[in-house]
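> entry.txt is reproduced in full below (compact mmCIF, C-alpha atoms and all ligand atoms).
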```txt
# COMPACT_ATOMS: atom_id res chain seq x y z
CA LEU E 144 -27.88 -121.07 26.45
CA LYS E 145 -28.51 -121.46 22.70
CA VAL E 146 -25.35 -120.63 20.73
CA ALA E 147 -24.80 -120.17 16.98
CA VAL E 148 -21.21 -120.26 15.69
CA LEU E 149 -20.32 -118.47 12.46
CA ILE E 150 -17.27 -119.74 10.58
CA SER E 151 -15.43 -119.42 7.26
CA GLY E 152 -12.47 -121.77 7.66
CA GLY E 153 -10.80 -124.56 9.61
CA GLY E 154 -13.02 -124.19 12.66
CA THR E 155 -10.42 -124.91 15.35
CA ASN E 156 -12.14 -122.32 17.57
CA LEU E 157 -15.47 -124.03 16.91
CA GLN E 158 -13.82 -127.32 17.88
CA ALA E 159 -12.57 -125.82 21.14
CA LEU E 160 -16.13 -124.74 21.98
CA ILE E 161 -17.56 -128.16 21.07
CA ASP E 162 -14.96 -129.88 23.27
CA GLU E 163 -15.49 -127.61 26.32
CA ILE E 164 -19.29 -127.97 26.06
CA GLU E 165 -19.04 -131.75 25.78
CA LYS E 166 -16.72 -131.81 28.81
CA GLY E 167 -19.40 -129.94 30.73
CA TYR E 168 -17.19 -126.86 31.26
CA ILE E 169 -19.76 -124.65 29.53
CA ASN E 170 -23.52 -124.98 30.14
CA ALA E 171 -24.58 -124.21 26.57
CA GLU E 172 -25.68 -125.87 23.35
CA ILE E 173 -24.38 -125.09 19.86
CA LYS E 174 -27.71 -125.13 17.99
CA LEU E 175 -26.31 -124.13 14.63
CA VAL E 176 -23.15 -123.49 12.62
CA ILE E 177 -23.39 -120.99 9.76
CA SER E 178 -20.54 -120.88 7.26
CA SER E 179 -19.76 -118.27 4.61
CA ASN E 180 -17.68 -120.91 2.80
CA LYS E 181 -19.09 -124.23 1.59
CA ASN E 182 -15.62 -125.80 1.80
CA ALA E 183 -14.91 -124.78 5.38
CA TYR E 184 -13.48 -127.74 7.31
CA GLY E 185 -15.40 -126.41 10.30
CA LEU E 186 -18.54 -127.81 8.61
CA ILE E 187 -17.06 -131.31 8.88
CA ARG E 188 -16.32 -130.71 12.56
CA ALA E 189 -19.94 -129.65 13.17
CA GLU E 190 -21.36 -132.62 11.26
CA LYS E 191 -19.21 -135.02 13.32
CA HIS E 192 -20.98 -133.69 16.42
CA ASN E 193 -24.47 -133.71 14.85
CA ILE E 194 -24.65 -129.91 14.86
CA PRO E 195 -26.93 -128.55 12.08
CA THR E 196 -25.04 -126.49 9.51
CA ILE E 197 -26.16 -123.83 7.06
CA ILE E 198 -24.11 -122.33 4.25
CA VAL E 199 -24.79 -118.69 3.46
CA ASP E 200 -22.26 -117.74 0.84
CA ARG E 201 -21.92 -115.52 -2.20
CA TYR E 202 -22.98 -118.41 -4.45
CA ASN E 203 -26.37 -119.02 -2.90
CA TYR E 204 -26.89 -115.36 -1.92
CA SER E 205 -24.96 -113.12 -4.32
CA ASN E 206 -26.06 -109.91 -2.58
CA LYS E 207 -24.31 -109.15 0.74
CA ASP E 208 -27.39 -107.53 2.27
CA LYS E 209 -29.50 -110.56 1.38
CA ARG E 210 -26.82 -112.81 2.96
CA GLN E 211 -26.90 -110.87 6.21
CA LYS E 212 -30.72 -110.82 6.17
CA MET E 213 -30.63 -114.61 5.80
CA VAL E 214 -28.21 -114.85 8.75
CA LEU E 215 -30.47 -112.63 10.89
CA ASP E 216 -33.63 -114.59 10.03
CA THR E 217 -31.86 -117.88 10.77
CA LEU E 218 -30.60 -116.65 14.15
CA GLU E 219 -34.05 -115.36 15.15
CA LYS E 220 -35.88 -118.46 13.91
CA ASN E 221 -33.57 -120.63 16.03
CA GLN E 222 -34.05 -118.37 19.10
CA ILE E 223 -30.28 -117.98 19.42
CA ASP E 224 -29.08 -116.33 22.65
CA LEU E 225 -25.39 -115.87 21.77
CA VAL E 226 -23.69 -115.55 18.37
CA VAL E 227 -19.99 -116.50 18.25
CA LEU E 228 -17.87 -115.33 15.28
CA ALA E 229 -15.04 -117.87 15.05
CA GLY E 230 -12.95 -117.08 12.01
CA TYR E 231 -15.98 -115.62 10.20
CA LEU E 232 -14.72 -113.45 7.36
CA GLU E 233 -17.83 -111.45 6.48
CA ILE E 234 -18.66 -108.10 8.06
CA ILE E 235 -21.81 -108.48 10.18
CA SER E 236 -24.51 -106.01 9.09
CA ASN E 237 -25.70 -103.26 11.44
CA GLU E 238 -29.16 -104.89 11.33
CA VAL E 239 -27.77 -108.10 12.83
CA ILE E 240 -25.73 -106.11 15.38
CA GLU E 241 -28.83 -104.12 16.34
CA GLY E 242 -30.87 -107.29 16.70
CA PHE E 243 -28.21 -108.94 18.89
CA ARG E 244 -26.73 -106.00 20.81
CA ASN E 245 -23.97 -107.29 23.15
CA ARG E 246 -24.92 -110.88 22.23
CA ILE E 247 -22.35 -111.32 19.44
CA ILE E 248 -18.74 -112.10 20.39
CA ASN E 249 -15.67 -112.30 18.15
CA ILE E 250 -12.21 -113.77 18.62
CA HIS E 251 -9.40 -111.69 17.15
CA PRO E 252 -5.77 -112.89 16.94
CA SER E 253 -4.07 -109.78 18.40
CA LEU E 254 -4.26 -107.50 21.43
CA ILE E 255 -6.90 -105.05 20.15
CA PRO E 256 -6.53 -102.16 19.27
CA SER E 257 -3.20 -103.29 17.79
CA PHE E 258 -3.43 -104.89 14.34
CA SER E 259 -7.20 -104.67 14.22
CA GLY E 260 -9.97 -103.03 12.22
CA ARG E 261 -11.11 -103.41 8.64
CA GLY E 262 -8.88 -105.67 6.59
CA TYR E 263 -7.01 -107.12 9.56
CA TYR E 264 -7.66 -110.86 9.55
CA GLY E 265 -5.74 -114.12 9.64
CA GLU E 266 -2.14 -114.06 8.48
CA ARG E 267 -2.01 -110.31 7.88
CA VAL E 268 -2.32 -109.69 11.62
CA HIS E 269 0.71 -111.86 12.37
CA GLN E 270 2.74 -110.63 9.36
CA GLU E 271 2.40 -107.05 10.58
CA ALA E 272 3.12 -107.95 14.21
CA ILE E 273 6.36 -109.71 13.16
CA ALA E 274 7.28 -106.87 10.79
CA ARG E 275 6.68 -104.32 13.56
CA GLY E 276 8.91 -106.34 15.88
CA VAL E 277 6.42 -106.42 18.78
CA LYS E 278 7.66 -108.25 21.88
CA VAL E 279 4.16 -109.18 23.02
CA SER E 280 1.10 -110.23 21.06
CA GLY E 281 -1.99 -112.24 21.96
CA ALA E 282 -5.72 -112.76 21.44
CA THR E 283 -8.85 -110.79 22.24
CA VAL E 284 -12.51 -111.77 22.71
CA HIS E 285 -14.83 -108.78 22.35
CA PHE E 286 -18.47 -107.94 21.74
CA VAL E 287 -19.23 -106.98 18.14
CA ASN E 288 -20.58 -103.51 17.45
CA GLU E 289 -20.78 -101.33 14.36
CA GLU E 290 -17.06 -100.53 14.46
CA THR E 291 -14.95 -103.46 13.17
CA ASP E 292 -13.08 -104.91 16.17
CA GLY E 293 -14.29 -101.90 18.17
CA GLY E 294 -16.72 -103.51 20.63
CA PRO E 295 -16.25 -103.88 24.41
CA ILE E 296 -13.31 -106.18 25.25
CA ILE E 297 -14.24 -109.21 27.36
CA ILE E 298 -10.95 -111.15 27.70
CA GLN E 299 -7.40 -110.66 26.46
CA GLU E 300 -4.38 -112.91 26.94
CA ALA E 301 -0.81 -112.13 25.86
CA ILE E 302 2.21 -114.16 24.85
CA SER E 303 5.85 -113.12 24.32
CA VAL E 304 7.14 -112.87 20.75
CA GLU E 305 10.72 -114.12 20.31
CA TYR E 306 13.16 -112.91 17.67
CA GLU E 307 13.08 -116.44 16.17
CA ASP E 308 9.29 -116.26 15.68
CA ASN E 309 7.78 -115.79 12.24
CA GLU E 310 4.15 -115.23 11.28
CA LYS E 311 3.50 -118.99 11.23
CA THR E 312 4.93 -119.73 14.68
CA LEU E 313 3.20 -116.63 16.06
CA GLN E 314 -0.13 -117.70 14.55
CA MET E 315 0.21 -121.12 16.23
CA LYS E 316 1.04 -119.56 19.62
CA VAL E 317 -1.91 -117.17 19.37
CA LEU E 318 -4.32 -119.85 18.15
CA LYS E 319 -3.64 -121.80 21.38
CA LEU E 320 -4.65 -118.72 23.37
CA GLU E 321 -7.80 -118.34 21.28
CA HIS E 322 -8.83 -121.90 22.08
CA LYS E 323 -8.52 -121.03 25.75
CA ILE E 324 -10.13 -117.58 26.03
CA LEU E 325 -13.05 -118.07 23.64
CA PRO E 326 -14.55 -120.92 25.71
CA GLN E 327 -13.85 -118.88 28.85
CA ALA E 328 -15.85 -115.96 27.43
CA VAL E 329 -18.78 -118.19 26.39
CA LYS E 330 -18.79 -119.73 29.88
CA LEU E 331 -18.85 -116.28 31.53
CA PHE E 332 -21.69 -115.21 29.21
CA SER E 333 -23.66 -118.40 29.95
CA GLU E 334 -23.36 -117.62 33.68
CA GLY E 335 -24.54 -114.03 33.17
CA ARG E 336 -21.27 -112.73 34.61
CA ILE E 337 -20.47 -110.15 31.91
CA GLU E 338 -21.68 -106.60 32.45
CA VAL E 339 -21.11 -103.87 29.82
CA VAL E 340 -20.77 -100.32 31.19
CA LYS E 341 -20.38 -97.92 28.24
CA ASN E 342 -17.50 -99.46 26.25
CA ARG E 343 -15.99 -101.38 29.16
CA VAL E 344 -16.72 -104.88 30.46
CA ARG E 345 -17.01 -105.83 34.13
CA ILE E 346 -16.72 -109.55 34.98
CA MET E 347 -18.87 -110.40 37.99
CA GLU E 348 -17.89 -112.98 40.59
CA GLY E 349 -19.20 -116.51 39.97
CA GLU E 350 -20.97 -118.86 42.42
CA GLU E 351 -17.87 -120.95 43.23
C1 LIG S 401 -7.82 -117.74 13.20
O1 LIG S 401 -6.65 -117.13 12.69
C2 LIG S 401 -8.41 -116.88 14.26
O2 LIG S 401 -7.44 -116.05 14.82
C3 LIG S 401 -9.39 -116.03 13.57
O3 LIG S 401 -9.85 -116.79 12.48
C4 LIG S 401 -8.86 -117.75 12.11
C5 LIG S 401 -9.52 -119.06 11.88
O4 LIG S 401 -9.64 -119.80 13.03
N1 LIG S 401 -10.44 -115.69 14.47
P1 LIG S 401 -10.43 -121.21 13.04
O5 LIG S 401 -9.38 -122.28 13.06
O6 LIG S 401 -11.25 -121.28 11.75
O7 LIG S 401 -11.25 -121.19 14.26
```
Step by step, read the file and then write its structure as structure tokens.


Amino acid sequence: LKVAVLISGGGTNLQALIDEIEKGYINAEIKLVISSNKNAYGLIRAEKHNIPTIIVDRYNYSNKDKRQKMVLDTLEKNQIDLVVLAGYLEIISNEVIEGFRNRIINIHPSLIPSFSGRGYYGERVHQEAIARGVKVSGATVHFVNEETDGGPIIIQEAISVEYEDNEKTLQMKVLKLEHKILPQAVKLFSEGRIEVVKNRVRIMEGEE
């Protein structure tokens, strides 16, 4: 399975995928890392594992549509089977979504539909969860469709939120979950065990 990972920041989710593939847990190859930020530490992580990287940012492509067209062309040229958004901060264009229907997955740091949708990313998610006083939060892996964070949910995992938690401790707890469920979702996809029926996902039994 040829995978492309799109990043904008630290790339700890990318690192989790690299590690699980190298351990042989996932039968896939990360062919390409595309970053919307030339300073993303995730680029260093990719380079350390000899994964080709491409920067598509507002400095080399000032127009958003041109950026997304560049992303689409790059994915098609590399015959990518699965696109993984791992902390990617740009909105994927409908053209890319159309071209890769139910072949783009995203990791979101809350239990969608809570704290999700346009404008909900990174710290803001955890700030609002703490402010709301939720007792449970978590992470979600879902397919990407035209509605931000609205695609079919593949995996969710929850953690308890203590009174002593703040947005930083919550972010760390949730990040650990992300590093677990994102590789799980890529593995399921690589084994063809994910079926989408309308907006719901059915996980089929595996060989073992
Ligand atoms: C994390 O907060 C994650 O929840 C979200 O993007 C952020 C960056 O993660 N998906 P990473 O360390 O760059 O993978």

> CA of Glu266 in chain E and CA of Glu241 in chain E, how far apart in Å?

29.5 Å

> For each of E:Gln270, E:Asn206, E:Asn156, E:Asn288, take the minimum atom-to-atom distance to Tyr184 in chain E, counting all atoms listed in the file, then give the residue where this is smallest.

E:Asn156

> Name the closest residue to Val148 in chain E among the candidates E:Leu215, E:Val284, E:Ala189, E:Val317; distances are taken between atoms, counting all atoms listed in the file.

E:Ala189

> When you look at Gln327 in chain E with a cut-off of 10 Å (counting all atoms listed in the file), what residues show up, excluding the ones that are within fewer than 6 positions of it in the same chain? I need them as a list in words.

Leu160, Glu163, Tyr168, Ile169, Val284, Ile297, Ile298, Glu321 and Ser333 of chain E

> Between E:His269, E:Lys174, E:Lys330, E:Lys207, which residue has the minimum interatomic distance to His192 in chain E, considering all atoms listed in the file?

E:Lys174

> Counting all atoms listed in the file, name the residues that have an atom within 9 Å of an atom of ligand LIG 401 (chain S); the answer should be given as a PyMOL selection string.

chain E and resi 150-159+183-185+228-232+249-253+264-266+268+282+314-315+317-318+321-322

> Any idea what the distance is between CA of Ile296 in chain E and CA of Leu186 in chain E?

27.8 Å

> Nearest to Gly281 in chain E among E:Pro256, E:Gly349, E:Gly167, E:Pro195, with distances taken over all atoms listed in the file: which residue is it?

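Residue with the minimum atom-to-atom distance to Gly281 in chain E: E:Pro256.
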
> Go through E:Gly276, E:Leu313, E:Arg261, E:Val287 and flag the residue nearest Gly242 in chain E, using only C-alpha atoms for the distances.

E:Val287

> Provide the CA of Leu218 in chain E to CA of Asn342 in chain E distance in Å, to one decimal place.

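These atoms are spaced 24.8 Å apart.
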
> Let me make sure I understand: among E:Thr291, E:Thr312, E:Ser257, E:Asn245, which one has the smallest atom-to-atom distance to Val339 in chain E if we use all atoms listed in the file?

E:Asn245

> Contacts of Asn221 in chain E at 12 Å or less, counting only C-alpha atoms, minus same-chain residues fewer than 6 places along, as a compact mmCIF listing (two decimals) with C-alpha atoms, in the frame of the given file?


```
# COMPACT_ATOMS: atom_id res chain seq x y z
CA LEU E 144 -27.88 -121.07 26.45
CA LYS E 145 -28.51 -121.46 22.70
CA VAL E 146 -25.35 -120.63 20.73
CA ALA E 147 -24.80 -120.17 16.98
CA GLU E 172 -25.68 -125.87 23.35
CA ILE E 173 -24.38 -125.09 19.86
CA LYS E 174 -27.71 -125.13 17.99
CA LEU E 175 -26.31 -124.13 14.63
CA VAL E 176 -23.15 -123.49 12.62
CA ILE E 177 -23.39 -120.99 9.76
CA PRO E 195 -26.93 -128.55 12.08
CA VAL E 214 -28.21 -114.85 8.75
CA LEU E 215 -30.47 -112.63 10.89
```

> Would you compute an axis-aligned box for range 197-209 of chain E, covering every atom listed for it in the file with 6 Å of margin on each side, and report centre and edge lengths in Å to one decimal as JSON?


```
{"center_x": -25.7, "center_y": -115.7, "center_z": 1.3, "size_x": 19.6, "size_y": 28.3, "size_z": 23.5}
```

> Can you tell me which residues surround Phe243 in chain E at a distance of at most 10 Å, considering only C-alpha atoms, apart from same-chain residues fewer than 3 positions away, and format the answer as a JSON list (two decimals) with C-alpha atoms, keeping the file's coordinate frame?


```json
[["chain", "number", "residue", "atom", "x", "y", "z"],
["E", 215, "LEU", "CA", -30.47, -112.63, 10.89],
["E", 218, "LEU", "CA", -30.60, -116.65, 14.15],
["E", 219, "GLU", "CA", -34.05, -115.36, 15.15],
["E", 223, "ILE", "CA", -30.28, -117.98, 19.42],
["E", 224, "ASP", "CA", -29.08, -116.33, 22.65],
["E", 225, "LEU", "CA", -25.39, -115.87, 21.77],
["E", 226, "VAL", "CA", -23.69, -115.55, 18.37],
["E", 237, "ASN", "CA", -25.70, -103.26, 11.44],
["E", 238, "GLU", "CA", -29.16, -104.89, 11.33],
["E", 239, "VAL", "CA", -27.77, -108.10, 12.83],
["E", 240, "ILE", "CA", -25.73, -106.11, 15.38],
["E", 246, "ARG", "CA", -24.92, -110.88, 22.23],
["E", 247, "ILE", "CA", -22.35, -111.32, 19.44],
["E", 287, "VAL", "CA", -19.23, -106.98, 18.14],
["E", 288, "ASN", "CA", -20.58, -103.51, 17.45]]
```

> Name all residues at most 10 Å from Val199 in chain E (count all atoms listed in the file; drop same-chain ones fewer than 2 positions away) and give them as a list in words.

Ile177, Ser178, Ser179, Asn180, Lys181, Thr196, Ile197, Arg201, Tyr202, Asn203, Tyr204, Ser205, Lys207, Lys209, Arg210, Gln211, Met213 and Val214 of chain E

> Would you please take range 151-163 of chain E of the structure in the block above and write all heavy atoms to a file as a CSV table (one decimal), in the first residue's frame?


```csv
chain,number,residue,atom,x,y,z
E,151,SER,N,2.1,19.5,8.9
E,151,SER,CA,2.3,21.0,9.0
E,151,SER,C,3.2,21.3,10.2
E,151,SER,O,3.7,22.4,10.3
E,151,SER,CB,1.0,21.8,9.2
E,151,SER,OG,0.2,21.6,8.0
E,152,GLY,N,3.4,20.2,11.1
E,152,GLY,CA,4.1,20.6,12.3
E,152,GLY,C,5.1,19.5,12.8
E,152,GLY,O,5.9,19.0,11.9
E,153,GLY,N,5.0,19.2,14.0
E,153,GLY,CA,6.0,18.3,14.7
E,153,GLY,C,6.1,16.9,14.1
E,153,GLY,O,7.2,16.3,14.1
E,154,GLY,N,5.0,16.4,13.6
E,154,GLY,CA,5.1,15.1,12.9
E,154,GLY,C,5.2,13.9,13.8
E,154,GLY,O,5.7,12.9,13.5
E,155,THR,N,4.7,14.0,15.1
E,155,THR,CA,4.7,12.8,16.0
E,155,THR,C,3.8,11.7,15.5
E,155,THR,O,4.1,10.6,15.7
E,155,THR,CB,4.3,13.2,17.4
E,155,THR,OG1,3.0,13.7,17.5
E,155,THR,CG2,5.3,14.3,18.0
E,156,ASN,N,2.7,12.1,14.8
E,156,ASN,CA,1.8,11.1,14.2
E,156,ASN,C,2.5,10.4,13.0
E,156,ASN,O,2.4,9.2,12.8
E,156,ASN,CB,0.5,11.7,13.8
E,156,ASN,CG,-0.5,11.8,15.0
E,156,ASN,OD1,-1.0,10.9,15.5
E,156,ASN,ND2,-0.7,13.1,15.4
E,157,LEU,N,3.2,11.2,12.2
E,157,LEU,CA,4.0,10.6,11.1
E,157,LEU,C,5.1,9.7,11.7
E,157,LEU,O,5.2,8.5,11.2
E,157,LEU,CB,4.8,11.8,10.4
E,157,LEU,CG,5.9,11.3,9.5
E,157,LEU,CD1,5.4,10.5,8.3
E,157,LEU,CD2,6.7,12.6,9.0
E,158,GLN,N,5.7,10.1,12.8
E,158,GLN,CA,6.7,9.2,13.4
E,158,GLN,C,6.1,7.9,13.9
E,158,GLN,O,6.7,6.8,13.7
E,158,GLN,CB,7.3,9.9,14.6
E,158,GLN,CG,8.6,9.2,15.2
E,158,GLN,CD,9.7,9.1,14.2
E,158,GLN,OE1,10.2,10.2,13.8
E,158,GLN,NE2,10.2,7.9,13.9
E,159,ALA,N,4.9,8.0,14.4
E,159,ALA,CA,4.2,6.7,14.9
E,159,ALA,C,4.0,5.8,13.7
E,159,ALA,O,4.2,4.6,13.8
E,159,ALA,CB,2.9,7.1,15.6
E,160,LEU,N,3.6,6.3,12.6
E,160,LEU,CA,3.4,5.5,11.4
E,160,LEU,C,4.7,4.9,10.9
E,160,LEU,O,4.8,3.7,10.6
E,160,LEU,CB,2.7,6.4,10.3
E,160,LEU,CG,1.3,6.7,10.4
E,160,LEU,CD1,0.8,7.6,9.3
E,160,LEU,CD2,0.4,5.5,10.5
E,161,ILE,N,5.7,5.7,10.8
E,161,ILE,CA,7.1,5.3,10.4
E,161,ILE,C,7.5,4.1,11.3
E,161,ILE,O,7.9,3.0,10.8
E,161,ILE,CB,8.1,6.4,10.5
E,161,ILE,CG1,7.9,7.5,9.4
E,161,ILE,CG2,9.5,5.8,10.3
E,161,ILE,CD1,8.7,8.7,9.6
E,162,ASP,N,7.3,4.3,12.6
E,162,ASP,CA,7.8,3.2,13.6
E,162,ASP,C,7.0,1.9,13.4
E,162,ASP,O,7.6,0.8,13.3
E,162,ASP,CB,7.6,3.7,15.0
E,162,ASP,CG,8.5,4.9,15.3
E,162,ASP,OD1,9.4,5.2,14.5
E,162,ASP,OD2,8.3,5.6,16.3
E,163,GLU,N,5.7,2.0,13.2
E,163,GLU,CA,4.8,0.8,13.1
E,163,GLU,C,5.1,0.1,11.8
E,163,GLU,O,5.0,-1.1,11.7
E,163,GLU,CB,3.4,1.2,13.3
E,163,GLU,CG,3.0,1.6,14.7
E,163,GLU,CD,3.5,0.7,15.8
E,163,GLU,OE1,3.3,-0.6,15.6
E,163,GLU,OE2,4.0,1.2,16.8
```
